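Note: the block below is model24.cif and it holds mmCIF, C-alpha atoms.
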data_structure
loop_
_atom_site.label_atom_id
_atom_site.label_comp_id
_atom_site.auth_asym_id
_atom_site.auth_seq_id
_atom_site.Cartn_x
_atom_site.Cartn_y
_atom_site.Cartn_z
CA MET Z 1 -14.66 130.76 16.40
CA ARG Z 2 -13.67 129.04 19.63
CA LEU Z 3 -12.07 126.26 17.63
CA TRP Z 4 -9.91 128.63 15.59
CA GLY Z 5 -9.12 130.68 18.64
CA SER Z 6 -7.76 127.67 20.49
CA ILE Z 7 -5.72 126.57 17.47
CA PHE Z 8 -4.15 130.00 17.05
CA PHE Z 9 -3.35 130.05 20.72
CA LEU Z 10 -1.62 126.69 20.57
CA LEU Z 11 0.47 127.47 17.47
CA PRO Z 12 2.93 129.75 19.31
CA VAL Z 13 3.16 127.21 22.10
CA ALA Z 14 4.03 124.56 19.52
CA ALA Z 15 6.70 126.82 18.05
CA LEU Z 16 8.22 127.31 21.47
CA ALA Z 17 8.13 123.61 22.16
CA ALA Z 18 10.00 122.90 18.96
CA ASP Z 19 12.82 125.10 20.17
CA PRO Z 20 12.29 126.06 23.79
CA ALA Z 21 15.78 127.39 24.37
CA PRO Z 22 18.61 128.74 22.28
CA SER Z 23 21.09 126.17 21.03
CA ALA Z 24 24.32 125.59 22.88
CA VAL Z 25 27.18 127.89 22.15
CA ALA Z 26 28.97 126.97 18.93
CA GLY Z 27 32.59 125.99 19.24
CA SER Z 28 34.43 125.03 22.40
CA ASP Z 29 33.82 126.99 25.56
CA SER Z 30 35.74 126.33 28.73
CA LYS Z 31 32.65 127.14 30.75
CA THR Z 32 30.39 124.70 28.92
CA LYS Z 33 30.47 121.34 30.64
CA VAL Z 34 29.42 118.01 29.26
CA THR Z 35 28.65 115.15 31.60
CA VAL Z 36 29.54 111.54 30.85
CA GLN Z 37 29.44 108.40 32.92
CA ALA Z 38 32.79 106.63 33.00
CA ASP Z 39 32.89 102.98 34.05
CA VAL Z 40 36.04 100.92 34.43
CA VAL Z 41 35.35 97.25 33.79
CA GLN Z 42 37.55 94.22 34.30
CA ALA Z 43 36.96 91.57 31.62
CA LYS Z 44 38.09 87.97 31.69
CA VAL Z 45 37.54 85.22 29.17
CA THR Z 46 37.08 82.58 31.86
CA GLY Z 47 34.37 82.44 34.48
CA ASP Z 48 30.71 83.27 34.41
CA LYS Z 49 30.05 86.40 36.39
CA LEU Z 50 28.46 89.72 35.53
CA GLU Z 51 28.72 92.31 38.25
CA PRO Z 52 26.42 94.20 37.96
CA PRO Z 53 24.01 92.23 35.75
CA SER Z 54 23.52 95.29 33.56
CA LEU Z 55 26.93 94.49 32.03
CA LYS Z 56 25.13 91.87 29.97
CA ALA Z 57 24.74 94.48 27.24
CA MET Z 58 28.49 95.02 27.22
CA GLN Z 59 29.08 91.28 27.09
CA LEU Z 60 26.82 91.01 24.06
CA ALA Z 61 28.44 93.96 22.33
CA LEU Z 62 31.95 92.59 22.77
CA SER Z 63 31.00 89.00 21.97
CA LYS Z 64 31.15 89.65 18.22
CA ARG Z 65 34.89 89.60 18.49
CA GLN Z 66 35.68 88.20 21.92
CA HIS Z 67 33.47 86.45 24.43
CA TYR Z 68 34.14 87.47 28.03
CA GLY Z 69 32.68 85.18 30.66
CA THR Z 70 33.45 87.54 33.53
CA LEU Z 71 32.77 91.27 33.58
CA VAL Z 72 33.19 93.18 36.82
CA ARG Z 73 32.70 96.91 37.15
CA LEU Z 74 35.53 98.23 39.27
CA SER Z 75 34.45 101.85 39.40
CA THR Z 76 31.86 104.24 38.08
CA SER Z 77 31.96 108.01 38.09
CA LYS Z 78 30.17 110.96 36.57
CA LEU Z 79 32.67 113.27 34.94
CA GLU Z 80 32.01 116.86 34.00
CA LEU Z 81 34.18 117.47 30.99
CA SER Z 82 35.36 120.77 29.66
CA SER Z 83 38.04 121.88 27.24
CA ALA Z 84 40.59 121.28 29.98
CA PRO Z 85 41.51 117.58 30.39
CA THR Z 86 39.83 115.62 33.16
CA MET Z 87 42.08 112.85 34.43
CA LEU Z 88 40.82 109.40 35.35
CA LYS Z 89 43.16 106.89 36.92
CA LEU Z 90 42.71 103.25 36.02
CA PRO Z 91 43.65 100.27 38.20
CA ASN Z 92 46.23 99.12 35.68
CA ALA Z 93 48.36 102.22 36.34
CA LYS Z 94 47.19 103.95 33.20
CA GLU Z 95 45.60 107.35 33.21
CA ALA Z 96 42.91 108.54 30.83
CA ALA Z 97 42.56 112.20 29.90
CA LEU Z 98 39.14 113.30 28.73
CA SER Z 99 38.32 116.69 27.29
CA VAL Z 100 35.74 118.43 25.16
CA GLU Z 101 37.19 119.34 21.78
CA ALA Z 102 34.13 121.06 20.44
CA LEU Z 103 30.48 121.71 21.27
CA LYS Z 104 28.49 122.73 18.23
CA ASP Z 105 24.73 122.61 17.73
CA ASP Z 106 24.48 120.78 21.06
CA VAL Z 107 26.73 117.95 19.79
CA ALA Z 108 29.83 117.46 21.89
CA THR Z 109 33.09 116.10 20.45
CA VAL Z 110 35.13 114.45 23.17
CA LYS Z 111 38.77 113.44 23.09
CA VAL Z 112 39.82 110.40 25.11
CA LYS Z 113 43.56 110.04 25.51
CA LEU Z 114 44.26 106.59 26.91
CA PRO Z 115 47.71 105.34 25.97
CA PRO Z 116 48.48 104.02 23.41
CA ALA Z 117 45.29 105.33 21.76
CA ASP Z 118 43.87 108.77 21.31
CA THR Z 119 40.19 108.65 20.39
CA THR Z 120 37.94 111.45 19.24
CA TYR Z 121 34.23 110.83 19.15
CA LYS Z 122 30.86 112.58 19.20
CA LEU Z 123 28.51 111.92 22.07
CA GLY Z 124 25.16 110.32 21.38
CA ARG Z 125 21.97 109.81 23.39
CA GLN Z 126 22.07 106.12 22.66
CA GLY Z 127 25.00 103.79 22.94
CA SER Z 128 28.33 103.76 24.72
CA LEU Z 129 31.97 103.99 23.73
CA TYR Z 130 34.06 101.00 24.78
CA VAL Z 131 37.83 101.56 24.76
CA GLN Z 132 40.17 98.70 25.39
CA ALA Z 133 42.56 99.92 28.08
CA GLY Z 134 45.15 97.19 28.21
CA PRO Z 135 45.80 94.04 30.23
CA HIS Z 136 45.07 93.83 33.93
CA ASP Z 137 44.95 90.99 36.43
CA ASP Z 138 44.78 88.05 33.97
CA GLY Z 139 42.23 89.87 31.88
CA GLU Z 140 41.55 93.09 30.01
CA MET Z 141 40.66 96.52 31.29
CA TRP Z 142 37.93 98.43 29.52
CA LEU Z 143 36.90 102.06 29.80
CA VAL Z 144 33.19 102.56 29.06
CA LEU Z 145 31.83 106.05 28.40
CA SER Z 146 28.03 106.42 28.44
CA PRO Z 147 25.39 109.15 28.65
CA VAL Z 148 24.42 110.01 32.21
CA LYS Z 149 20.94 108.68 33.04
CA MET U 1 -86.92 113.72 11.94
CA SER U 2 -90.12 115.44 12.88
CA ASP U 3 -88.72 115.97 16.35
CA SER U 4 -85.61 117.66 15.01
CA LYS U 5 -87.72 119.82 12.78
CA LYS U 6 -89.91 120.81 15.68
CA ASN U 7 -86.95 121.38 17.95
CA PRO U 8 -84.14 123.31 16.23
CA ALA U 9 -82.09 123.20 19.42
CA ARG U 10 -81.91 119.42 19.20
CA GLU U 11 -80.73 119.76 15.62
CA LYS U 12 -78.02 122.08 16.76
CA PHE U 13 -76.79 119.84 19.59
CA LEU U 14 -77.26 116.48 17.84
CA PRO U 15 -73.71 116.36 16.36
CA MET U 16 -72.25 117.25 19.76
CA LEU U 17 -73.82 114.39 21.66
CA SER U 18 -71.30 111.70 20.70
CA PRO U 19 -68.27 113.92 21.40
CA PHE U 20 -69.89 114.80 24.69
CA VAL U 21 -70.00 111.13 25.67
CA ASP U 22 -66.33 110.69 24.58
CA GLY U 23 -65.25 113.76 26.60
CA GLU U 24 -64.02 115.62 23.57
CA LEU U 25 -65.88 118.88 24.09
CA SER U 26 -64.47 122.04 25.58
CA ALA U 27 -65.70 123.14 28.98
CA GLU U 28 -68.00 125.76 27.54
CA GLU U 29 -69.52 123.35 25.00
CA ARG U 30 -69.96 120.74 27.68
CA VAL U 31 -71.96 123.15 29.81
CA GLN U 32 -74.19 124.03 26.84
CA VAL U 33 -74.83 120.35 26.04
CA GLU U 34 -75.63 119.57 29.64
CA GLN U 35 -78.13 122.40 29.69
CA HIS U 36 -79.67 121.07 26.48
CA LEU U 37 -79.86 117.52 27.89
CA ALA U 38 -81.61 118.81 30.95
CA ALA U 39 -84.24 120.41 28.72
CA ASN U 40 -84.54 117.75 26.00
CA LYS U 41 -85.48 114.20 27.00
CA GLU U 42 -84.81 112.69 23.60
CA SER U 43 -81.25 114.02 23.52
CA ALA U 44 -80.76 112.73 27.03
CA MET U 45 -82.03 109.27 25.97
CA GLN U 46 -79.67 109.32 22.99
CA VAL U 47 -76.69 110.14 25.23
CA ALA U 48 -77.70 107.25 27.50
CA ASP U 49 -77.75 104.93 24.47
CA PHE U 50 -74.29 106.14 23.45
CA ARG U 51 -72.91 105.47 26.93
CA ALA U 52 -74.43 102.00 27.03
CA ALA U 53 -72.94 101.10 23.65
CA SER U 54 -69.52 102.45 24.70
CA GLY U 55 -69.59 100.47 27.93
CA LEU U 56 -70.62 97.30 26.12
CA LEU U 57 -67.82 97.72 23.59
CA ARG U 58 -65.21 98.34 26.31
CA HIS U 59 -66.36 95.29 28.23
CA SER U 60 -66.15 93.12 25.12
CA MET U 61 -62.60 94.32 24.36
CA GLU U 62 -61.53 93.68 27.94
CA MET U 63 -62.89 90.14 27.75
CA LEU U 64 -60.91 89.57 24.56
CA ALA U 65 -57.74 91.09 26.06
CA ASP U 66 -58.02 88.83 29.11
CA GLU U 67 -57.84 85.80 26.84
CA VAL U 68 -54.46 86.87 25.35
CA ASP U 69 -51.03 86.28 27.01
CA PHE U 70 -49.02 89.52 26.70
CA LYS U 71 -45.98 88.16 28.55
CA ASP U 72 -43.63 88.17 25.50
CA PHE U 73 -45.58 90.72 23.52
CA ALA U 74 -42.86 93.37 23.53
CA ASN U 75 -40.13 90.90 22.57
CA GLU U 76 -42.14 89.42 19.74
CA VAL U 77 -42.93 92.82 18.34
CA MET U 78 -39.30 93.99 18.59
CA ALA U 79 -38.10 90.76 17.02
CA LYS U 80 -40.20 91.51 13.98
CA VAL U 81 -39.26 95.17 13.89
CA THR U 82 -35.45 94.99 14.50
CA PRO U 83 -33.51 93.67 11.51
CA ASP U 84 -30.50 91.38 11.72
CA ARG U 85 -27.39 93.00 13.31
CA LEU U 86 -25.11 94.60 10.76
CA PRO U 87 -21.47 93.52 10.42
CA LEU U 88 -19.03 95.40 12.62
CA LEU U 89 -17.58 97.44 9.77
CA GLU U 90 -21.00 98.48 8.58
CA ARG U 91 -22.04 99.45 12.10
CA LEU U 92 -18.89 101.54 12.52
CA LYS U 93 -19.48 103.25 9.19
CA LEU U 94 -23.06 103.97 10.16
CA GLU U 95 -22.10 105.38 13.55
CA LEU U 96 -19.38 107.56 12.08
CA THR U 97 -21.75 108.85 9.42
CA GLU U 98 -24.32 109.70 12.07
CA LEU U 99 -21.68 111.37 14.24
CA PHE U 100 -20.42 113.54 11.41
CA THR U 101 -23.94 114.32 10.29
CA TRP U 102 -25.55 115.24 13.58
CA LYS U 103 -22.55 116.12 15.76
CA ARG U 104 -20.19 117.59 13.25
CA PRO U 105 -19.11 120.65 15.27
CA MET U 106 -18.27 118.48 18.27
CA MET U 107 -16.30 115.98 16.11
CA LEU U 108 -14.35 118.70 14.31
CA THR U 109 -13.50 120.42 17.57
CA SER U 110 -12.30 117.16 19.09
CA LEU U 111 -10.14 116.32 16.07
CA ALA U 112 -8.63 119.79 15.94
CA THR U 113 -7.88 119.71 19.66
CA ALA U 114 -6.23 116.30 19.38
CA ALA U 115 -4.11 117.49 16.45
CA ALA U 116 -3.09 120.62 18.35
CA VAL U 117 -2.13 118.59 21.41
CA LEU U 118 0.00 116.26 19.28
CA LEU U 119 1.60 119.25 17.63
CA VAL U 120 2.72 120.46 21.03
CA ALA U 121 3.32 117.19 22.86
CA VAL U 122 5.57 115.46 20.29
CA PRO U 123 8.21 118.18 20.04
CA VAL U 124 8.14 118.70 23.79
CA ALA U 125 8.62 114.99 24.44
CA MET U 126 11.51 114.87 21.99
CA LYS U 127 13.13 117.90 23.52
CA VAL U 128 12.64 116.56 27.02
CA GLY U 129 14.21 113.29 25.95
CA ALA U 130 17.23 115.08 24.57
CA ALA U 131 17.46 117.48 27.48
CA SER U 132 17.29 114.74 30.10
CA VAL U 133 20.86 113.64 29.38
CA GLY U 134 22.23 117.17 29.45
CA PRO U 135 24.02 119.35 26.90
CA GLY U 136 26.08 117.85 24.12
CA TYR U 137 23.81 114.90 23.38
CA ALA U 138 21.87 116.17 20.39
CA ASN U 139 23.28 113.27 18.38
CA GLU U 140 21.22 110.12 18.34
CA ARG U 141 24.23 107.78 18.36
CA VAL U 142 27.89 107.74 19.28
CA GLU U 143 30.17 108.58 16.33
CA VAL U 144 33.87 107.78 16.38
CA GLN U 145 35.73 110.46 14.47
CA ALA U 146 39.36 109.36 14.71
CA VAL U 147 41.63 106.97 16.56
CA LYS U 148 45.34 107.68 16.77
CA VAL U 149 47.85 105.17 18.09
CA GLU U 150 51.48 105.52 19.09
CA SER U 151 53.54 103.55 16.61
CA ALA U 152 55.80 102.34 19.40
CA ALA U 153 52.83 100.52 20.91
CA LYS U 154 52.79 97.97 18.06
CA VAL U 155 49.01 97.82 18.11
CA ALA U 156 46.42 98.92 15.63
CA PRO U 157 42.91 100.13 16.41
CA VAL U 158 39.89 98.26 15.20
CA VAL U 159 36.60 100.13 15.52
CA MET U 160 33.33 98.23 15.61
CA GLU U 161 29.80 99.58 15.71
CA THR U 162 26.80 97.66 17.00
CA ASP U 163 23.13 97.83 16.09
CA THR U 164 22.39 99.27 19.50
CA GLY U 165 24.54 102.32 18.78
CA ASP U 166 27.66 101.28 20.69
CA ALA U 167 31.18 101.88 19.38
CA ILE U 168 34.00 99.55 20.42
CA ILE U 169 37.69 100.26 19.99
CA TRP U 170 39.83 97.15 20.06
CA MET U 171 43.62 97.24 20.15
CA VAL U 172 44.96 94.41 18.04
CA ASP U 173 48.56 93.44 17.51
CA ALA U 174 50.08 95.13 14.48
CA PRO U 175 52.97 93.66 12.47
CA GLU U 176 56.28 95.33 13.27
CA LYS U 177 57.30 98.01 10.75
CA LYS U 178 60.68 97.51 9.09
CA ASP U 179 62.65 99.67 6.67
CA ASP U 180 64.34 98.48 3.46
CA ALA U 181 67.36 97.20 5.35
CA GLY U 182 65.20 95.07 7.51
CA ALA U 183 65.86 97.10 10.67
CA PRO U 184 62.98 98.45 12.75
CA ASP U 185 61.59 101.86 11.87
CA GLN U 186 63.75 104.74 13.12
CA LYS U 187 60.79 106.73 14.36
CA SER U 188 59.57 103.85 16.45
CA ARG U 189 62.99 103.54 18.03
CA THR U 190 63.05 107.14 19.08
CA GLY U 191 59.52 106.80 20.45
CA GLU U 192 58.16 109.56 18.26
CA GLU U 193 54.44 109.37 17.94
CA THR U 194 53.03 108.64 14.55
CA GLU U 195 49.46 108.96 13.67
CA GLU U 196 47.43 106.23 12.08
CA GLU U 197 44.09 107.53 11.07
CA LEU U 198 40.97 105.63 11.70
CA GLY U 199 40.23 102.97 9.14
CA VAL U 200 43.81 102.20 8.10
CA ASP U 201 46.07 99.61 9.70
CA PRO U 202 49.85 99.51 9.16
CA ALA U 203 49.31 97.15 6.22
CA GLY U 204 47.11 99.75 4.61
CA GLN U 205 43.87 97.75 4.92
CA PRO U 206 40.71 99.31 6.42
CA ASN U 207 40.15 98.27 10.02
CA LYS U 208 36.70 99.74 10.69
CA GLN U 209 33.86 97.25 10.88
CA GLY U 210 30.30 98.42 10.40
CA PRO U 211 27.15 97.58 12.36
CA LEU U 212 26.98 93.99 13.51
#
Encoded form using structure tokens:
Amino acid sequence: MRLWGSIFFLLPVAALAADPAPSAVAGSDSKTKVTVQADVVQAKVTGDKLEPPSLKAMQLALSKRQHYGTLVRLSTSKLELSSAPTMLKLPNAKEAALSVEALKDDVATVKVKLPPADTTYKLGRQGSLYVQAGPHDDGEMWLVLSPVK
Amino acid sequence: MSDSKKNPAREKFLPMLSPFVDGELSAEERVQVEQHLAANKESAMQVADFRAASGLLRHSMEMLADEVDFKDFANEVMAKVTPDRLPLLERLKLELTELFTWKRPMMLTSLATAAAVLLVAVPVAMKVGAASVGPGYANERVEVQAVKVESAAKVAPVVMETDTGDAIIWMVDAPEKKDDAGAPDQKSRTGEETEEELGVDPAGQPNKQGPL
């Protein structure tokens, strides 16, 4: 009896754990904010410098097409995005506009307007979005958007 | 024989004399026998004979025991009693069988509790993992939906995905668009934005590259 009693007690707890809170509001909502980490990275083919060393993952990811010997993070910021564009100035005089296009079933669709490209993507718990942002200082500028950890 | 016939009391107590010497009588019986021995000399002499024989036997056994070395007695006996150790798998099977035979309620309760804990802990851990990065991250991986490029930029997007879940958007040089007369495209001249959907470059070939 004690065994069955404990099982029946735990079943509702399990149900709550499976869905402890209501899902996020469907559709876009100006009040709903999504947080991303935005890094601006300077990449050069020459040299042998990773600053910080955690950019090794970026170096490996990009190496399939282009090997960069030098990667230097120029800035990092946590951005709270909403349906209204959030502006991010880059050192190469470009400006990126980030906004939330939709938030459905707790999956956010983000729009990144960084001339000449306009990218729309869904956020994920794993992985980052790397957007080539044009030339800068004998190298390339990259905008990296990652989950906040 | 004639004595026992003459003395019925001795006949009655005769079978109790040996147990009396061995200390196997109850307290009441012992008192009765002692009273009889006090009154009957022959019974008393017989009890004395029994005690002498018992003492002699004990002494003989002790002399024999003194001649034996009992140092490894226990080990030798256990070595003959305990069989060879079973293989690990057999021992495990035997222990599990004994557990489920003699401690079944405890085993079932433990298994049910462990299953219930897993039933709760796994979803909670998954939810905590998803919740730790905040709202909007229900997706496991990043998914690029579309990339639009200004035609005046003369670049085309190339999207790559990695095994680690990253998405990379390269801007590669695109060939310049020309009309039938060979002049550059009118729209590009005016700077009007054109849209090139993801996966198609100006030459019409797919640009997207899958997981590397």
Exercise: range 87-94 of chain Z partners within 9 Å, all atoms listed in the file, chain neighbours under 4 positions left out, as a ChimeraX atom specification = /Z:38,40,74,98-99,114-115,133-137,141,143
query = Out of U:Ser60, U:Ser54, U:Ser151, U:Gln145, which residue has the shortest atom-to-atom distance to chain Z when counting all atoms listed in the file?
reply =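 Selected residue with least distance to chain Z: U:Gln145.
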ask   = Given the file above and the PyMOL selection byres ((chain U and resi 33) around 8), which residues are selected, and can you give them as a VMD selection string?
value = chain U and resid 13 16 to 17 20 29 to 32 34 to 37
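Taking CA of Glu140 in chain Z and CA of Val41 in chain Z as endpoints, the distance between them is 8.4 Å.
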message = Report, in Å to a single decimal, how far apart CA of Thr109 in chain Z and CA of Pro123 in chain U are.
response =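 CA of Thr109 in chain Z lies 25.0 Å from CA of Pro123 in chain U.
When CA of Ser63 in chain Z is paired with CA of Lys44 in chain Z, their separation reads 12.1 Å.
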message = Can you translate the PyMOL selection byres ((chain U) within 9 of (chain Z)) into the concrete residues it hits in this file, as a ChimeraX atom specification?
response = /U:108-109,112-113,116-117,119-127,129-130,132-153,155-157,161-162,164-171,212
Output file for the residues above (C-alpha atoms, as a PDB file, in the coordinates of the input):
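Resulting contents of part-v2.pdb:
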ATOM      1  CA  LEU U 108     -14.350 118.700  14.310  1.00  0.00           C
ATOM      2  CA  THR U 109     -13.500 120.420  17.570  1.00  0.00           C
ATOM      3  CA  ALA U 112      -8.630 119.790  15.940  1.00  0.00           C
ATOM      4  CA  THR U 113      -7.880 119.710  19.660  1.00  0.00           C
ATOM      5  CA  ALA U 116      -3.090 120.620  18.350  1.00  0.00           C
ATOM      6  CA  VAL U 117      -2.130 118.590  21.410  1.00  0.00           C
ATOM      7  CA  LEU U 119       1.600 119.250  17.630  1.00  0.00           C
ATOM      8  CA  VAL U 120       2.720 120.460  21.030  1.00  0.00           C
ATOM      9  CA  ALA U 121       3.320 117.190  22.860  1.00  0.00           C
ATOM     10  CA  VAL U 122       5.570 115.460  20.290  1.00  0.00           C
ATOM     11  CA  PRO U 123       8.210 118.180  20.040  1.00  0.00           C
ATOM     12  CA  VAL U 124       8.140 118.700  23.790  1.00  0.00           C
ATOM     13  CA  ALA U 125       8.620 114.990  24.440  1.00  0.00           C
ATOM     14  CA  MET U 126      11.510 114.870  21.990  1.00  0.00           C
ATOM     15  CA  LYS U 127      13.130 117.900  23.520  1.00  0.00           C
ATOM     16  CA  GLY U 129      14.210 113.290  25.950  1.00  0.00           C
ATOM     17  CA  ALA U 130      17.230 115.080  24.570  1.00  0.00           C
ATOM     18  CA  SER U 132      17.290 114.740  30.100  1.00  0.00           C
ATOM     19  CA  VAL U 133      20.860 113.640  29.380  1.00  0.00           C
ATOM     20  CA  GLY U 134      22.230 117.170  29.450  1.00  0.00           C
ATOM     21  CA  PRO U 135      24.020 119.350  26.900  1.00  0.00           C
ATOM     22  CA  GLY U 136      26.080 117.850  24.120  1.00  0.00           C
ATOM     23  CA  TYR U 137      23.810 114.900  23.380  1.00  0.00           C
ATOM     24  CA  ALA U 138      21.870 116.170  20.390  1.00  0.00           C
ATOM     25  CA  ASN U 139      23.280 113.270  18.380  1.00  0.00           C
ATOM     26  CA  GLU U 140      21.220 110.120  18.340  1.00  0.00           C
ATOM     27  CA  ARG U 141      24.230 107.780  18.360  1.00  0.00           C
ATOM     28  CA  VAL U 142      27.890 107.740  19.280  1.00  0.00           C
ATOM     29  CA  GLU U 143      30.170 108.580  16.330  1.00  0.00           C
ATOM     30  CA  VAL U 144      33.870 107.780  16.380  1.00  0.00           C
ATOM     31  CA  GLN U 145      35.730 110.460  14.470  1.00  0.00           C
ATOM     32  CA  ALA U 146      39.360 109.360  14.710  1.00  0.00           C
ATOM     33  CA  VAL U 147      41.630 106.970  16.560  1.00  0.00           C
ATOM     34  CA  LYS U 148      45.340 107.680  16.770  1.00  0.00           C
ATOM     35  CA  VAL U 149      47.850 105.170  18.090  1.00  0.00           C
ATOM     36  CA  GLU U 150      51.480 105.520  19.090  1.00  0.00           C
ATOM     37  CA  SER U 151      53.540 103.550  16.610  1.00  0.00           C
ATOM     38  CA  ALA U 152      55.800 102.340  19.400  1.00  0.00           C
ATOM     39  CA  ALA U 153      52.830 100.520  20.910  1.00  0.00           C
ATOM     40  CA  VAL U 155      49.010  97.820  18.110  1.00  0.00           C
ATOM     41  CA  ALA U 156      46.420  98.920  15.630  1.00  0.00           C
ATOM     42  CA  PRO U 157      42.910 100.130  16.410  1.00  0.00           C
ATOM     43  CA  GLU U 161      29.800  99.580  15.710  1.00  0.00           C
ATOM     44  CA  THR U 162      26.800  97.660  17.000  1.00  0.00           C
ATOM     45  CA  THR U 164      22.390  99.270  19.500  1.00  0.00           C
ATOM     46  CA  GLY U 165      24.540 102.320  18.780  1.00  0.00           C
ATOM     47  CA  ASP U 166      27.660 101.280  20.690  1.00  0.00           C
ATOM     48  CA  ALA U 167      31.180 101.880  19.380  1.00  0.00           C
ATOM     49  CA  ILE U 168      34.000  99.550  20.420  1.00  0.00           C
ATOM     50  CA  ILE U 169      37.690 100.260  19.990  1.00  0.00           C
ATOM     51  CA  TRP U 170      39.830  97.150  20.060  1.00  0.00           C
ATOM     52  CA  MET U 171      43.620  97.240  20.150  1.00  0.00           C
ATOM     53  CA  LEU U 212      26.980  93.990  13.510  1.00  0.00           C
TER      54      LEU U 212
END
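Closest approach to Arg73 in chain Z among Z:Gln59, Z:Ala97, Z:Val45, Z:Pro52 is made by Z:Pro52 (distances from all atoms listed in the file).
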key: Spatial neighbours of Lys56 in chain Z, 12 Å, only C-alpha atoms, chain gap at least 5 places, as a PyMOL selection string   = chain Z and resi 43+48-51+61-63+67-73
